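**Q** Handing you this structure, nothing more for now.
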Amino acid sequence: MTRQYTLLDRALMGADRSLKTLIKGSSTARRQSPAQHISSSLSTDQDRRHVAGLMRINHTGEVCAQALYQGQALTAKNAHVKASMEHSATEEIDHLAWCEQRLHELQSHTSHLNPLFYAASFAIGAAAGVISDRVSLGFVAATEDQVCEHLREHLQTLPADDQKSRAILRQMLEDEAEHAAKAIASGGQIFPSPVKKAMSLMSKVMTGSTYYV
């Protein structure tokens with residue numbers, strides 16, 4: 001028989017996931033990094049700082065994704081939706097670990113604002129789950145669409161000689177697009193354009209806050 005977790009069980013597991021998300025070096029990828037066997041070097045310190053800023057943004061995005069999925073899984077009503085949220089959160093851990101590893105290689109750091117963004121994203125995810133599973137899944141799809149947009153922009157602005165970061169971002173883009181499609185296929189609501197524009201504005205505020213901090 002499959003164990004049925006209580007709300008308290010899920011809250012404790014969520015707290016454990018929160019700590020593993022926010023404490024440096026706690027995230028372990030299940031898949032090997034796409035950049036594992038790629039060697040590349042950045043020609044200038046300016047390029048290194050720029051790439052570090054981009055990877056810091058992407059790392060924070062994965063922190064927010066963990067919080068969003070955990071909040072939604074906590075309040076989702078349908079068991080299939082809960083399992084889907086938890087599965088997607090597990091896949092996102094790979095991205096979290098890859099970005100943190102790349103930042104370490106670039107001799108840089110993760111964002112100091114991550115705890116703040118985690119708390120805000122968890123609250124949003126939980127609220128979406130309370131409203132309905134359809135809204136919750138739709139929010140996942142819309143969020144992943146925003147992430148894909150940022151990843152495409154970052155791929156265009158990466159220095160030509162940084163093949164390591166490029167390999168990571170390409171795999172992340174593929175995974176995020178799959179998560180968005182899965183959320184819609186599971187019954188997620190397609191949000192209207194004004195809502196997506198508001199989410200895009202919030203996303204830009206976040207990226208501007210984390211590039212340096």
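So you can find residues: chains in the structure tokens are A, B, ... in the order shown, residues in each start at 1, and ligands are numbered from 1 in order.
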Go through region 149-169 of chain A and flag each residue having an atom no more than 12 Å from region 58-72 of chain A; for those, report the closest pair of atoms plus their distance in Å to one decimal, using only C-alpha atoms, ordered by chain and rising number, as a tab-separated table.
**A**
```
residue	atom	partner	partner_atom	distance
A:Glu149	CA	A:Asn58	CA	11.7
A:His150	CA	A:Asn58	CA	8.5
A:Leu151	CA	A:Asn58	CA	8.0
A:Arg152	CA	A:Asn58	CA	11.7
A:Glu153	CA	A:Asn58	CA	11.6
A:His154	CA	A:Asn58	CA	9.3
A:Leu155	CA	A:Asn58	CA	11.6
A:Ser165	CA	A:Asn58	CA	10.9
A:Ile168	CA	A:Asn58	CA	10.4
A:Leu169	CA	A:Asn58	CA	8.7
```
**Q** Neighbouring residues of region 191-208 of chain A were defined as those with any atom within 8 Å, considering only C-alpha atoms; residues of the same chain fewer than 5 positions away were excluded. Please report them as a ChimeraX atom specification.
**A** /A:57,138-139,142-143,146
**Q** Residues near Leu137 (chain A), anyone? I mean within 9 Å using only C-alpha atoms, not counting same-chain ones fewer than 4 positions away, as a VMD selection string.
**A** chain A and resid 72 81 85 128 to 129 132 to 133 141 to 142 180 182 to 184 186 to 189
**Q** Pick the closest to Cys148 (chain A) from A:Met55, A:Leu103, A:Leu173, A:Leu42: which is it, counting only C-alpha atoms?
**A**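 The closest residue to Cys148 (chain A) is A:Leu173.
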**Q** Using only C-alpha atoms, can you tell me which of A:Thr157, A:Asn114, A:Ser136, A:Thr210 comes closest to Ala73 (chain A)?
**A**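 Closest to Ala73 (chain A), using only C-alpha atoms: A:Ser136.
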**Q** Which residue is closest to Arg49 (chain A)? Choose from A:Met172, A:Ala160, A:Leu106, A:Ile124 and count only C-alpha atoms.
**A**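 Distance minimum relative to Arg49 (chain A) lands on A:Leu106.
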**Q** With distances taken over only C-alpha atoms, which residue among A:Ile131, A:Leu158, A:Leu8, A:Ala181 lies nearest Ala76 (chain A)?
**A**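 Of A:Ile131, A:Leu158, A:Leu8, A:Ala181, the one nearest Ala76 (chain A) is A:Ile131, counting only C-alpha atoms.
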